[in-house]
Amino acid sequence: MEPSDLLDVIRLVARGEALLSPGATKSLIARCLAVPDLLSALAREPDALTDRESQVLGLVAVGLSNNEAAVFVVHPA
């Protein structure tokens with residue numbers, strides 16, 4: 001990756017946008033397809049998760065590790 005590309009990515013994320021690599025997207029789709037019962041349950045019961053759980057799920061869904069997501073939950077921007 002070129003330094004200018006890295007700066008573009010940093011600026012994109014700093015604006016609050018999400019960035020997913022094609023590999024991360026493929027992995028996420030595979031994981032979702034592997035647990036259709038869970039996804040169906042969540043779709044039927046949108047209040048099944050607390051606000052905090054939904055926030056963490058969203059962060060992990062865009063590719064953050066548990067530790068990275070924890071930083072956003074504990075120290076939101």
# chains A, B, ... in the order shown; residues from 1 in each chain; ligands from 1
$ residues_around --residues "Ser21 in chain A" --least-positions-apart "6" --cutoff "10 Å" --atoms "only C-alpha atoms" --output "list in words"
Ser27, Val62 and Gly63 of chain A
$ select_by_dssp --residues "chain A" --states "alpha helix (DSSP H)" --output "VMD selection string"
chain A and resid 3 to 14 22 to 34 36 to 44 51 to 61 66 to 74
$ residues_around --residues "Ala18 in chain A" --least-positions-apart "2" --cutoff "12 Å" --atoms "only C-alpha atoms" --output "MDAnalysis selection string"
chainID A and resid 9:16 20:21 25 58:64
$ write_last_selection --atoms "C-alpha atoms" --output "compact mmCIF listing (two decimals), in the first residue's frame"
# COMPACT_ATOMS: atom_id res chain seq x y z
CA VAL A 9 -8.03 5.31 4.32
CA ILE A 10 -7.26 7.14 7.59
CA ARG A 11 -9.19 10.19 6.41
CA LEU A 12 -12.12 8.02 5.32
CA VAL A 13 -12.35 6.34 8.73
CA ALA A 14 -11.85 9.67 10.53
CA ARG A 15 -14.95 10.97 8.71
CA GLY A 16 -16.88 8.13 10.27
CA LEU A 20 -14.21 -3.22 4.45
CA SER A 21 -11.73 -5.15 2.39
CA THR A 25 -16.65 -8.85 3.33
CA GLY A 58 -21.86 -3.39 14.27
CA LEU A 59 -18.19 -2.73 15.01
CA VAL A 60 -17.28 -6.40 14.70
CA ALA A 61 -19.38 -6.65 11.52
CA VAL A 62 -17.22 -4.01 9.85
CA GLY A 63 -14.11 -6.01 10.64
CA LEU A 64 -12.88 -4.78 14.00
$ atom_distance --atom1 "CA of Ser65 in chain A" --atom2 "CA of Ala24 in chain A"
11.5 Å
$ atom_distance --atom1 "CA of Asp51 in chain A" --atom2 "CA of Gly23 in chain A"
27.8 Å
